[in-house]
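S.K.: Take this structure first; my questions come after.
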Amino acid sequence: MTSTALAVEAVVKKYGRGRSGVTALRGVDLTLPTGSFTAVMGPSGSGKSTLLHCAAGLDTPTSGTVRMGADTVSQLGANKLTAFRRDHVGFVFQSYNLLPTLTVEDNITLPLLLGRRAVDRDWLDYLIGAVGLAERRKHRPTELSGGQQQRVAIARALVTRPHVVFGDEPTGALDSRTAKQVLDLLAYTARTLDQTILMVTHDPVAAAHADRVVFLADGAVVGSMAGGDAQAIASRMSSLGAW
Ligand SMILES: Nc1ncnc2c1ncn2[C@@H]1O[C@H](COP(=O)(O)OP(=O)(O)OP(=O)(O)O)[C@@H](O)[C@H]1O
């Protein structure tokens, strides 16, 4: 039986109030089974980043609930939310956000250090090997290519064995060949490590690496597609008036 890693239920997000207020999400439901790789696409301003931020506990919905594992994330106060994100959520952003003074290995284990958790050496060795950086573990980020730096960020996102890894345009800064390697790595972690992934992207080629693409328009889910190729995803985006 598949379990649910993330459940977003009836999430509404409003910014501001009154006439200048903006409703960015209008009652979004989204369920991610454990080990699934989901891409979120939609026109500019459709609410993709807002959804990612609310789902990941970076922001709080105006109403509705977000559950991850046994926790109702949307009900946690600020301090508990910070600890929850550190211990149970992984992030991969377009900018790699690595600390330049730390080695590859120390960047990867930083979330454990911050959470005062022990480093599982076997898991660390496995991850460094899986992201193809076994020869680079003592190197610093400036000695690595963009793709290698993003692979460090992916290992760092996985090191806590999070409920969900959230990606915000994780390949936005990479050339297409390197982007493919990073996306293949994300798909591999979903398939072989049962890691659940939610990725926001503008790129149909990137979205095609996911098992499912969810389309947002004007703050609402307007459809989804499983197993579509880049062309099918692009034509669905065109029908939403995205291009
Ligand atoms: N902090 C904020 N204050 C007010 N309005 C906001 C804020 N953040 C987002 N919005 C508005 O909410 C709506 C959704 O924005 P969001 O950034 O989630 O869209 P997006 O689909 O990620 O867009 P893009 O693809 O351009 O990054 C937009 O109308 C945006 O202007």
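Within each chain, counting starts at residue 1; across the structure tokens, chains are named A, B, ... in the order shown, with ligands numbered 1 upward in that order.
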Neighbouring residues of Leu76 of chain A were defined as those with any atom within 12 Å, considering only C-alpha atoms; residues of the same chain fewer than 2 positions away were excluded. Please report them as a PyMOL selection string.
M.R.: chain A and resi 57-61+65-68+71-74+78-85
S.K.: How close does each residue of chain A get to ligand 1, giving the shortest atom pair and distance in Å to one decimal for every residue with an atom at most 12 Å away, counting only C-alpha atoms and all ligand atoms, sorted by chain and residue number, as a tab-separated table?
M.R.:
residue	atom	partner	partner_atom_place_in_ligand_line	distance
A:Val12	CA	ligand 1	12 (O)	11.3
A:Lys13	CA	ligand 1	12 (O)	8.4
A:Lys14	CA	ligand 1	12 (O)	7.8
A:Tyr15	CA	ligand 1	4 (C)	4.7
A:Gly16	CA	ligand 1	4 (C)	6.3
A:Arg17	CA	ligand 1	4 (C)	9.7
A:Ser20	CA	ligand 1	4 (C)	8.8
A:Gly21	CA	ligand 1	4 (C)	7.2
A:Val22	CA	ligand 1	5 (N)	5.6
A:Thr23	CA	ligand 1	12 (O)	6.5
A:Ala24	CA	ligand 1	12 (O)	4.2
A:Leu25	CA	ligand 1	14 (C)	7.4
A:Arg26	CA	ligand 1	14 (C)	10.6
A:Val40	CA	ligand 1	21 (O)	9.2
A:Met41	CA	ligand 1	21 (O)	7.7
A:Gly42	CA	ligand 1	21 (O)	6.1
A:Pro43	CA	ligand 1	21 (O)	6.0
A:Ser44	CA	ligand 1	25 (O)	3.6
A:Gly45	CA	ligand 1	19 (O)	3.5
A:Ser46	CA	ligand 1	21 (O)	3.9
A:Gly47	CA	ligand 1	18 (O)	3.2
A:Lys48	CA	ligand 1	22 (O)	3.9
A:Ser49	CA	ligand 1	22 (O)	3.7
A:Thr50	CA	ligand 1	18 (O)	3.7
A:Leu51	CA	ligand 1	18 (O)	6.4
A:Leu52	CA	ligand 1	18 (O)	8.1
A:His53	CA	ligand 1	18 (O)	8.4
A:Cys54	CA	ligand 1	18 (O)	9.8
A:Ala55	CA	ligand 1	18 (O)	11.9
A:Asp59	CA	ligand 1	1 (N)	10.0
A:Thr60	CA	ligand 1	1 (N)	11.9
A:Asp168	CA	ligand 1	22 (O)	9.2
A:Glu169	CA	ligand 1	27 (O)	9.5
A:Gly172	CA	ligand 1	27 (O)	11.9
A:Met199	CA	ligand 1	22 (O)	11.5
A:Val200	CA	ligand 1	22 (O)	8.0
A:Thr201	CA	ligand 1	25 (O)	8.1
A:His202	CA	ligand 1	25 (O)	7.0
A:Asp203	CA	ligand 1	25 (O)	10.7
A:Phe215	CA	ligand 1	21 (O)	10.2
A:Leu216	CA	ligand 1	21 (O)	7.7
A:Ala217	CA	ligand 1	21 (O)	8.1
A:Asp218	CA	ligand 1	14 (C)	7.8
A:Gly219	CA	ligand 1	14 (C)	6.9
A:Ala220	CA	ligand 1	14 (C)	10.6
A:Val221	CA	ligand 1	21 (O)	11.6
A:Ala242	CA	ligand 1	25 (O)	9.7
A:Trp243	CA	ligand 1	25 (O)	11.9
S.K.: Using only C-alpha atoms, tabulate the residues of segment 19-87 of chain A lying at most 12 Å from any atom of segment 175-184 of chain A, each with its closest atom pair and that distance in Å to one decimal, by chain and increasing residue number, as JSON lines.
M.R.:
{"residue": "A:Phe37", "atom": "CA", "partner": "A:Leu183", "partner_atom": "CA", "distance": 10.4}
{"residue": "A:Thr38", "atom": "CA", "partner": "A:Leu183", "partner_atom": "CA", "distance": 11.9}
{"residue": "A:Ala39", "atom": "CA", "partner": "A:Leu183", "partner_atom": "CA", "distance": 11.2}
S.K.: Contacts of segment 151-165 of chain A at 7 Å or less, counting only C-alpha atoms, minus same-chain residues fewer than 6 places along, as a ChimeraX atom specification?
M.R.: /A:5,68-69,87-92,96,104,107-109,112,124,127-128,131,182,195-198
S.K.: Please produce a file of the residues just selected, as a compact mmCIF listing (two decimals), in the first residue's frame, where the atoms kept are C-alpha atoms.
M.R.:
# COMPACT_ATOMS: atom_id res chain seq x y z
CA ALA A 5 4.13 11.89 2.08
CA MET A 68 3.64 15.86 6.08
CA GLY A 69 4.16 12.50 7.75
CA ASP A 87 14.77 18.00 10.22
CA HIS A 88 12.13 16.78 7.76
CA VAL A 89 12.20 18.88 4.58
CA GLY A 90 14.81 19.08 1.82
CA PHE A 91 15.26 22.06 -0.50
CA VAL A 92 16.99 22.43 -3.86
CA TYR A 96 22.85 26.20 -4.91
CA VAL A 104 31.50 19.19 -0.09
CA ASN A 107 28.05 21.25 3.23
CA ILE A 108 26.12 17.99 2.93
CA THR A 109 26.13 17.28 6.67
CA LEU A 112 22.54 17.38 10.70
CA LEU A 124 26.74 9.87 3.83
CA LEU A 127 24.84 9.71 -0.92
CA ILE A 128 28.22 11.14 -1.97
CA VAL A 131 25.60 12.03 -6.61
CA VAL A 182 20.53 16.58 -12.24
CA GLN A 195 12.17 9.88 -1.93
CA THR A 196 9.13 12.09 -2.56
CA ILE A 197 9.88 15.15 -4.71
CA LEU A 198 7.86 18.24 -5.64
S.K.: Could you tell me how far atom CA of Thr2 of chain A sits from atom CA of Ser36 of chain A, in Å to one decimal place?
M.R.: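 Computing the Euclidean distance for atom CA of Ser36 of chain A and atom CA of Thr2 of chain A yields 10.0 Å.
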S.K.: Taking the DSSP assignment computed from this structure's backbone, write out as a ChimeraX atom specification all residues of segment 128-166 of chain A that belong to helix (DSSP H, G or I).
M.R.: /A:128-130,134-136,141-143,146-158
S.K.: Kindly give the distance, in Å, that separates atom CA of Ser145 of chain A and atom CA of Ala210 of chain A, rounded to a single decimal.
M.R.: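 Rounded to one decimal, the two atoms are 24.4 Å apart.
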S.K.: Where does segment 66-119 of chain A meet segment 139-142 of chain A within 10 Å, residue by residue, with the nearest atom pair and distance in Å to one decimal for each, counting only C-alpha atoms, listed by chain and rising number, as a tab-separated table?
M.R.:
residue	atom	partner	partner_atom	distance
A:Tyr96	CA	A:Pro141	CA	9.5
A:Asn97	CA	A:Pro141	CA	9.8
A:Leu98	CA	A:Pro141	CA	6.9
A:Leu99	CA	A:Pro141	CA	7.5
A:Pro100	CA	A:Pro141	CA	5.7
A:Thr101	CA	A:Arg140	CA	6.8
A:Leu102	CA	A:Arg140	CA	6.1
A:Thr103	CA	A:Arg140	CA	4.5
A:Val104	CA	A:His139	CA	5.8
A:Glu105	CA	A:His139	CA	8.3
A:Asp106	CA	A:Arg140	CA	9.4
A:Asn107	CA	A:Pro141	CA	8.9
S.K.: Can I get the selected residues back with C-alpha atoms, as a CSV table (one decimal), in the first residue's frame?
M.R.:
chain,number,residue,atom,x,y,z
A,96,TYR,CA,22.8,26.2,-4.9
A,97,ASN,CA,23.2,28.0,-1.6
A,98,LEU,CA,26.4,26.2,-0.6
A,99,LEU,CA,28.7,27.6,2.1
A,100,PRO,CA,31.9,28.5,0.2
A,101,THR,CA,34.2,27.9,3.2
A,102,LEU,CA,32.9,24.4,3.8
A,103,THR,CA,34.0,21.2,2.0
A,104,VAL,CA,31.5,19.2,-0.1
A,105,GLU,CA,31.2,16.7,2.8
A,106,ASP,CA,30.6,19.5,5.4
A,107,ASN,CA,28.1,21.2,3.2
S.K.: Here is a test: counting only C-alpha atoms, which residue of A:Arg86, A:Gln94, A:Pro170, A:Met225 is nearest to Leu110 of chain A?
M.R.: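 Distance minimum relative to Leu110 of chain A lands on A:Arg86.
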S.K.: From a DSSP calculation on the backbone, collect every residue of segment 27-171 of chain A in strand (DSSP E) and output the set as an MDAnalysis selection string.
M.R.: chainID A and resid 27:33 37:41 63:68 71:72 89:93 164:168
S.K.: Could you write out that same residue set with C-alpha atoms as a compact mmCIF listing (two decimals), in the first residue's frame?
M.R.:
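As a result, again.txt now contains:
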# COMPACT_ATOMS: atom_id res chain seq x y z
CA GLY A 27 -8.39 26.13 -2.52
CA VAL A 28 -5.63 23.83 -3.76
CA ASP A 29 -5.69 20.08 -3.07
CA LEU A 30 -2.61 18.02 -3.82
CA THR A 31 -1.59 14.58 -2.55
CA LEU A 32 1.90 13.21 -3.06
CA PRO A 33 2.33 9.46 -2.58
CA PHE A 37 8.20 12.80 -8.36
CA THR A 38 5.73 15.59 -9.18
CA ALA A 39 6.32 18.72 -11.26
CA VAL A 40 4.18 21.85 -10.90
CA MET A 41 3.78 24.04 -13.97
CA SER A 63 -6.78 28.64 5.36
CA GLY A 64 -6.60 24.92 4.64
CA THR A 65 -4.13 22.31 5.88
CA VAL A 66 -0.74 20.92 4.92
CA ARG A 67 0.28 17.56 6.36
CA MET A 68 3.64 15.86 6.08
CA ASP A 71 2.56 16.44 11.37
CA THR A 72 0.08 19.14 10.43
CA VAL A 89 12.20 18.88 4.58
CA GLY A 90 14.81 19.08 1.82
CA PHE A 91 15.26 22.06 -0.50
CA VAL A 92 16.99 22.43 -3.86
CA PHE A 93 16.89 25.93 -5.31
CA VAL A 164 9.69 15.61 0.85
CA VAL A 165 12.38 17.34 -1.23
CA PHE A 166 11.11 20.61 -2.73
CA GLY A 167 12.79 21.93 -5.86
CA ASP A 168 12.28 25.50 -7.11
S.K.: Under the rule that only C-alpha atoms are counted, which of A:Asp211, A:Gly146, A:Ala56, A:Leu193 is the nearest residue to Trp123 of chain A?
M.R.: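 That would be A:Leu193, the residue with the smallest distance to Trp123 of chain A.
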